[in-house]
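Engineer: Could you have a look at this structure, given as structure tokens, before my questions?
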Amino acid sequence: MGISFSVPCDPCINKAFHWLDEKVGYTHNLKKNLLALETAMEKLKAKRDDLSRRVAREEDRGQQGLAEIKVWLSQVMTIENRVNDLFADRDVQVQKLCLCGFCSKSLISSYRYGKTVFLTLRGVEEELKNEVFDVIADQAQIPEVQERQLQPTIVGQGTMLDTAWKHLKEDGVGLMGMYGMGGVGKTTLLKQINNKFSEESRRESWPWWRGVETKKRESKDQLHAIYNFLRKKRFVLFLDDIWEKVDLVEIGIPVPTIQNRCKVVFTTRSQAVCTHMGVEDPMEVQCLGETEAFDLFQKKVGKTILGSDPEILDLARKIAKKCSGLPLALNVIGETMSCKRTVQEWRHAIDVLSSYAAQFLGMEDKILPLLMYSYDNLKEENYKSCLLYCALFPEDATILKEKLIDYWICEGIIDGRGSIEKATNKGYEIIGSLVCASLLMDEVDEWGVEYVCMHDVIREMALWIASDLGIEKEAFIVHAGVGLDKMPKVEKWNVVRRMSLMKNKIPHLAGKPECPELTTLLLQDTNLKKISSEFFKSMPKLVVLDLSDNDKLYILPAEVSELVSLQYLNLSRTGICHLPMKEMKKLKELIHLDLEYTTKLASIAGISSLHSLRVLKLFTSRRLDPETMKELKTLEHLQVLTLEIHHPVVLEEYLSSQRLTSSTITLAISDINMKSSGIVLPETLQKLWRFFIVFSSISEIKMVSLKNLSEVFIGSCEGLKEMTLLMFASNLKYISVSMARQLEDIINKEKACESEESGIVPFPKLVKLELRDLPKLKSIYWSPLPLPCLKDVFVGKCPNLKKLPLDSQSCSDGENGLVIRYEEKEWIEGVEWEDEATKTRFLSSCEQDPFQLLMQQVRSG
């Protein structure tokens, strides 16, 4: 007897079993499906890689990949990412299986994971079945430079645009850098150049390539592909506002040359970036001139408002001038003022911009933050501090570099504990970096003296930063050159760190301000006459005090000794008659004392008590007796000295001291009779850069090679016949010789040839030469000289000087050419030129001194 089972064949039940088998299969077949997926994905990737290489080869040949290929490659990348995500969870999901895969410790999770694996496997298999692409590329389209949208109002860039375009097109330049401060219009200029290329690319049949991602995101293969595509093309690449060198090779860009006629144009705020990029002659994008600036400002404000009242137009000129030609400021402030319809509103705007410009609408959110990027990009904190210090000076001030660096050293911003010379060099390096970053501007006067200037809007940014972005305004009090007649009101003296009141009219400093944090106090040129005895008593951290250029200040209060942290004291050009030296010896930290041009100062006796002095300036103080000179010799830390000597014994004492001579940067000798032996300048005077000798019956000056000597002034030296010593001063920039009635030669041929260094070509850096009242002078030098830096020659009352050391090749390196000024018309008419070419070149540069010409006209009626 058997047993039999009857399995119902109802189609609904069969369908249910099939559904159940499929769902259980997601879990039961998980391992098998994962293995199959791995194999299928490897085949798909291989197919993808083969296709990618074929496309790259065709693009290297100038072809353009078909859009459908790119779509398929994108799909494969999406699938690959999905598969990678599944494999990341593989081990965890497999460990959940139990009962030979028929069940799971987490049924829902395993079911969902298994289903995703199964469906992904199907997708990969479908992609593998796709047909092989026979055609993968087509003829590449010629790319165009896309036109860039510009602001509706652009003023004053026409000349710069023409210059840049000419430089790129006519001069055949491949790499051009444009630099300038933030907000000056570099991006606008770059867009205009772009648009000119856009116009041209539509007329010509050669391709242009626009834009690049400068970060190294591409693989080596991709960079190689970019390079191979571009190396046979003509392209233009624009890079805007770069902050560091972009290595074109590293981003796959062929270096532009005259041969490949490619162009790379970039903008930056840093001149140094231009140099690092290999641009020898970068183009500076400068601020607008006064006329152009006001033109832009008028367009932003609108004719209706400006024409509504004559006073508004006058105030508008003042406001535009405060923007100092910076387009960013002109645009923002102009837009702000475009809705100000009353004279009172315009007057208020002037008040705000003159007192604390950061409060002006738009300054803190649109102007100052943009400029602050340059500040933030400075590499070291002390560079930032140096920049902020420049804001202590008045608007449009020219700041003497030497003095600025002295402040920085004594403030401790620059480490001056070692060599003052090295610290000074560091200061010049910082200034150079700030100039390169377009945060300061260089300026040199006719004497070669170096200054820096600060754009007014950069100055406002610096004041804003120094006041903790406007939060603590009294931390950095600057009322320089604003016409104050008394000390300003300060609510919180205890937070003041630096204060500048220079160039005002404040006759009296009274009271006892409690300034526990004050480190710098600048009071030069304030018409100061009196300082109360209490004033300095509560400034324990003050390190820099400048009282210079107050010629009515006769008394320095003894309480200056309360400034126990003082390191810098400047009393130059004051009327000080007496120094309270007994009390000043408490100034143990004082390292810099400037007493130049203190002509009323009776004595500096007791100076030896200032043991820490490293810089002492006494030029034109006129009060050095033998005993004081002995005191100077005891200053062990002295590194910088300027002085004037009037007594033979003092001169002898000075020349015998290696410590003093090796520290001297300025030496003046006057009213000394040394007919018999002349004067010998010792070899230890290697720091000397300015030398005066006047009103002395001196017959000869002897010296060794003084490498730093830059300026020489000889006046009223009756016995002097030649100055051959000057040929050994290779850095001479300025020579002035007057009233040396026996002088026959500047450099005597016989003496020069006798020298061991007779092969020297003199005056390689000479900029200015003045010769006055030298009746016997016959020769400057016996043959023509290169004189590459010479800019200015003056000759007056030198009737026997018939020839100048010039030929047609002289001064060939000068940027602006040589100007030869003369006093008497008869002299220029009697000059014997080297040849006709020399005469042709330089005679047109000769001009009679304006004062002498005026006197001649007066005499002739």
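Note on naming: chains are A, B, ... as they come in the structure tokens, residues start from 1 per chain, ligands start from 1 in the order shown.
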Need the shell around segment 452-458 of chain A: protein/DNA/RNA residues with any atom at most 7 Å away, counting only C-alpha atoms. Skip same-chain ones fewer than 3 positions apart. Format as a PDB file with N, CA and C atoms, in the first residue's frame?
Structural biologist:
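Full text of selection32.pdb as output:
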ATOM      1  N   CYS A 323      38.790 109.543  -2.455  1.00  0.00           N
ATOM      2  CA  CYS A 323      38.887 108.168  -2.975  1.00  0.00           C
ATOM      3  C   CYS A 323      40.235 107.916  -3.642  1.00  0.00           C
ATOM      4  N   SER A 324      41.005 108.985  -3.848  1.00  0.00           N
ATOM      5  CA  SER A 324      42.361 108.887  -4.398  1.00  0.00           C
ATOM      6  C   SER A 324      42.440 108.040  -5.668  1.00  0.00           C
ATOM      7  N   GLU A 395      47.231 111.622   5.825  1.00  0.00           N
ATOM      8  CA  GLU A 395      46.850 111.288   4.455  1.00  0.00           C
ATOM      9  C   GLU A 395      47.854 111.903   3.479  1.00  0.00           C
ATOM     10  N   ASP A 396      48.168 111.150   2.437  1.00  0.00           N
ATOM     11  CA  ASP A 396      49.057 111.599   1.359  1.00  0.00           C
ATOM     12  C   ASP A 396      50.473 111.899   1.832  1.00  0.00           C
ATOM     13  N   ALA A 397      50.843 111.427   3.021  1.00  0.00           N
ATOM     14  CA  ALA A 397      52.186 111.713   3.543  1.00  0.00           C
ATOM     15  C   ALA A 397      53.236 110.896   2.806  1.00  0.00           C
ATOM     16  N   THR A 398      54.405 111.505   2.611  1.00  0.00           N
ATOM     17  CA  THR A 398      55.577 110.746   2.168  1.00  0.00           C
ATOM     18  C   THR A 398      56.369 110.409   3.427  1.00  0.00           C
ATOM     19  N   ILE A 399      56.562 109.132   3.645  1.00  0.00           N
ATOM     20  CA  ILE A 399      57.151 108.643   4.893  1.00  0.00           C
ATOM     21  C   ILE A 399      58.592 108.225   4.629  1.00  0.00           C
ATOM     22  N   LEU A 400      59.516 108.848   5.318  1.00  0.00           N
ATOM     23  CA  LEU A 400      60.929 108.519   5.155  1.00  0.00           C
ATOM     24  C   LEU A 400      61.174 107.083   5.589  1.00  0.00           C
ATOM     25  N   LYS A 401      61.704 106.265   4.689  1.00  0.00           N
ATOM     26  CA  LYS A 401      61.914 104.846   4.994  1.00  0.00           C
ATOM     27  C   LYS A 401      62.806 104.666   6.213  1.00  0.00           C
ATOM     28  N   LEU A 439      50.442  97.412  -1.339  1.00  0.00           N
ATOM     29  CA  LEU A 439      49.919  98.017  -0.115  1.00  0.00           C
ATOM     30  C   LEU A 439      50.633  99.311   0.231  1.00  0.00           C
ATOM     31  N   LEU A 440      51.833  99.489  -0.287  1.00  0.00           N
ATOM     32  CA  LEU A 440      52.566 100.746  -0.169  1.00  0.00           C
ATOM     33  C   LEU A 440      53.095 101.121  -1.548  1.00  0.00           C
ATOM     34  N   MET A 441      53.494 102.388  -1.682  1.00  0.00           N
ATOM     35  CA  MET A 441      54.059 102.866  -2.949  1.00  0.00           C
ATOM     36  C   MET A 441      55.431 103.483  -2.689  1.00  0.00           C
ATOM     37  N   ASP A 442      56.369 103.182  -3.561  1.00  0.00           N
ATOM     38  CA  ASP A 442      57.719 103.727  -3.473  1.00  0.00           C
ATOM     39  C   ASP A 442      57.772 105.146  -4.017  1.00  0.00           C
ATOM     40  N   GLU A 443      58.664 105.965  -3.452  1.00  0.00           N
ATOM     41  CA  GLU A 443      58.902 107.311  -3.979  1.00  0.00           C
ATOM     42  C   GLU A 443      60.341 107.705  -3.664  1.00  0.00           C
ATOM     43  N   MET A 461      41.784 101.268   5.585  1.00  0.00           N
ATOM     44  CA  MET A 461      41.708  99.850   5.905  1.00  0.00           C
ATOM     45  C   MET A 461      42.613  99.522   7.092  1.00  0.00           C
ATOM     46  N   ALA A 462      43.830 100.075   7.090  1.00  0.00           N
ATOM     47  CA  ALA A 462      44.779  99.803   8.170  1.00  0.00           C
ATOM     48  C   ALA A 462      44.245 100.326   9.508  1.00  0.00           C
TER      49      ALA A 462
END
Engineer: Please identify the helix (DSSP H, G or I) residues within segment 363-407 of chain A (assignment by DSSP from backbone atoms) and present them as a PyMOL selection string.
Structural biologist: chain A and resi 363-376+381-390+401-407
Engineer: With C-alpha atoms retained, could you export that selection as a JSON list (two decimals), in the first residue's frame?
Structural biologist:
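Printed below is part.json as written:
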[["chain", "number", "residue", "atom", "x", "y", "z"],
["A", 363, "MET", "CA", 33.04, 100.86, 3.46],
["A", 364, "GLU", "CA", 32.86, 98.01, 5.98],
["A", 365, "ASP", "CA", 31.03, 95.55, 3.72],
["A", 366, "LYS", "CA", 32.11, 96.39, 0.16],
["A", 367, "ILE", "CA", 35.47, 98.19, 0.18],
["A", 368, "LEU", "CA", 37.58, 97.39, 3.24],
["A", 369, "PRO", "CA", 37.00, 93.59, 3.25],
["A", 370, "LEU", "CA", 38.10, 93.34, -0.38],
["A", 371, "LEU", "CA", 41.30, 95.26, 0.35],
["A", 372, "MET", "CA", 41.83, 93.18, 3.48],
["A", 373, "TYR", "CA", 42.56, 90.10, 1.35],
["A", 374, "SER", "CA", 45.94, 91.65, 0.53],
["A", 375, "TYR", "CA", 46.59, 92.23, 4.22],
["A", 376, "ASP", "CA", 45.58, 88.68, 5.15],
["A", 381, "GLU", "CA", 52.56, 88.88, 11.41],
["A", 382, "ASN", "CA", 55.29, 91.50, 11.72],
["A", 383, "TYR", "CA", 54.72, 92.49, 8.08],
["A", 384, "LYS", "CA", 51.10, 93.19, 9.02],
["A", 385, "SER", "CA", 52.18, 95.23, 12.06],
["A", 386, "CYS", "CA", 54.57, 97.25, 9.90],
["A", 387, "LEU", "CA", 51.77, 98.09, 7.48],
["A", 388, "LEU", "CA", 49.42, 99.19, 10.27],
["A", 389, "TYR", "CA", 52.17, 101.43, 11.66],
["A", 390, "CYS", "CA", 52.21, 103.40, 8.39],
["A", 401, "LYS", "CA", 61.91, 104.85, 4.99],
["A", 402, "GLU", "CA", 64.85, 105.28, 7.35],
["A", 403, "LYS", "CA", 62.72, 106.86, 10.06],
["A", 404, "LEU", "CA", 59.91, 104.34, 9.65],
["A", 405, "ILE", "CA", 62.32, 101.44, 10.10],
["A", 406, "ASP", "CA", 63.79, 103.08, 13.22],
["A", 407, "TYR", "CA", 60.30, 103.12, 14.73]]
Engineer: Do a neighbour search on segment 46-50 of chain A at 9 Å with only C-alpha atoms, toss out local chain neighbours closer than 6 positions, and write the hits as a list in words.
Structural biologist: Trp72, Leu73, Val76 and Leu128 of chain A
Engineer: Write the residues of the preceding selection, restricted to N, CA and C atoms, as a PDB file, in the first residue's frame.
Structural biologist:
ATOM      1  N   TRP A  72      27.691  57.626 -22.237  1.00  0.00           N
ATOM      2  CA  TRP A  72      27.929  56.240 -21.825  1.00  0.00           C
ATOM      3  C   TRP A  72      29.018  56.148 -20.765  1.00  0.00           C
ATOM      4  N   LEU A  73      30.110  56.893 -20.957  1.00  0.00           N
ATOM      5  CA  LEU A  73      31.200  56.887 -19.972  1.00  0.00           C
ATOM      6  C   LEU A  73      30.698  57.389 -18.623  1.00  0.00           C
ATOM      7  N   VAL A  76      28.702  54.592 -16.947  1.00  0.00           N
ATOM      8  CA  VAL A  76      29.588  53.575 -16.383  1.00  0.00           C
ATOM      9  C   VAL A  76      30.175  54.055 -15.058  1.00  0.00           C
ATOM     10  N   LEU A 128      27.120  45.579 -20.842  1.00  0.00           N
ATOM     11  CA  LEU A 128      28.102  44.758 -21.567  1.00  0.00           C
ATOM     12  C   LEU A 128      27.560  44.308 -22.922  1.00  0.00           C
TER      13      LEU A 128
END
Engineer: At a cut-off of 12 Å, using only C-alpha atoms, what residues contact Ser844 of chain A? Leave out same-chain residues fewer than 5 positions from it and give the result as a list of chain:residue names.
Structural biologist: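 Here the qualifying residues turn out to be A:Gly817, A:Leu818, A:Val819, A:Ile820, A:Arg821, A:Ile828, A:Ala837, A:Thr838, A:Lys839.
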Engineer: Using the selection just defined, write its residues with C-alpha atoms as an mmCIF file, in the first residue's frame.
Structural biologist:
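Output file part30.cif follows:
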data_model
loop_
_atom_site.group_PDB
_atom_site.id
_atom_site.type_symbol
_atom_site.label_atom_id
_atom_site.label_comp_id
_atom_site.auth_asym_id
_atom_site.auth_seq_id
_atom_site.Cartn_x
_atom_site.Cartn_y
_atom_site.Cartn_z
ATOM 1 C CA GLY A 817 67.909 111.407 -19.965
ATOM 2 C CA LEU A 818 70.441 113.887 -18.658
ATOM 3 C CA VAL A 819 69.675 117.542 -17.939
ATOM 4 C CA ILE A 820 72.655 119.919 -17.944
ATOM 5 C CA ARG A 821 71.866 123.196 -16.169
ATOM 6 C CA ILE A 828 77.530 126.585 -22.628
ATOM 7 C CA ALA A 837 77.331 113.163 -32.264
ATOM 8 C CA THR A 838 77.880 114.054 -28.596
ATOM 9 C CA LYS A 839 76.911 117.669 -29.228
#
Engineer: Would you please extract all strand (DSSP E) residues from segment 192-414 of chain A, as assigned by DSSP on the backbone, and give them as a PyMOL selection string?
Structural biologist: chain A and resi 236-242+263-268+283-284+398-400
Engineer: For Ser736 of chain A, which residue out of A:Glu750, A:Asp792, A:Asp309, A:Asp295 is the nearest one, using only C-alpha atoms?
Structural biologist: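 That would be A:Asp792, the residue with the smallest distance to Ser736 of chain A.
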Engineer: Between A:Lys70, A:Lys32, A:Lys768, A:Lys617, which has the minimum distance to Trp447 of chain A (counting only C-alpha atoms)?
Structural biologist: A:Lys768
Engineer: In terms of the shortest atom-to-atom distance over only C-alpha atoms, which of A:Glu335, A:Asp445, A:Glu380, A:Glu472 is closest to Ile414 of chain A?
Structural biologist: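 Checking each of A:Glu335, A:Asp445, A:Glu380, A:Glu472 against Ile414 of chain A, counting only C-alpha atoms, the winner is A:Glu380.
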Engineer: Residues at most 12 Å from Ser696 of chain A, counting only C-alpha atoms, excluding those fewer than 6 positions away in the same chain, as a PyMOL selection string?
Structural biologist: chain A and resi 645-648+668-675+678-679+714-720+739-740
Engineer: Create the file for the chosen residues now, containing C-alpha atoms and written as a CSV table (one decimal), in the first residue's frame.
Structural biologist:
chain,number,residue,atom,x,y,z
A,645,ILE,CA,83.2,118.4,14.3
A,646,HIS,CA,84.5,121.9,14.7
A,647,HIS,CA,87.7,121.6,16.7
A,648,PRO,CA,91.0,120.0,15.7
A,668,ALA,CA,80.7,116.8,8.9
A,669,ILE,CA,84.0,118.7,9.4
A,670,SER,CA,83.9,122.5,9.4
A,671,ASP,CA,85.9,125.5,10.4
A,672,ILE,CA,89.1,123.5,10.8
A,673,ASN,CA,92.5,124.7,9.5
A,674,MET,CA,94.7,121.8,8.5
A,675,LYS,CA,96.8,123.3,5.7
A,678,GLY,CA,95.4,117.6,5.1
A,679,ILE,CA,93.1,115.0,6.5
A,714,ILE,CA,82.7,120.2,-0.3
A,715,GLY,CA,82.3,123.9,0.3
A,716,SER,CA,84.7,126.8,0.9
A,717,CYS,CA,87.9,124.6,1.1
A,718,GLU,CA,90.4,127.1,-0.1
A,719,GLY,CA,93.5,124.8,-0.2
A,720,LEU,CA,91.9,121.9,-2.0
A,739,MET,CA,83.8,127.8,-3.5
A,740,ALA,CA,87.0,125.7,-3.7
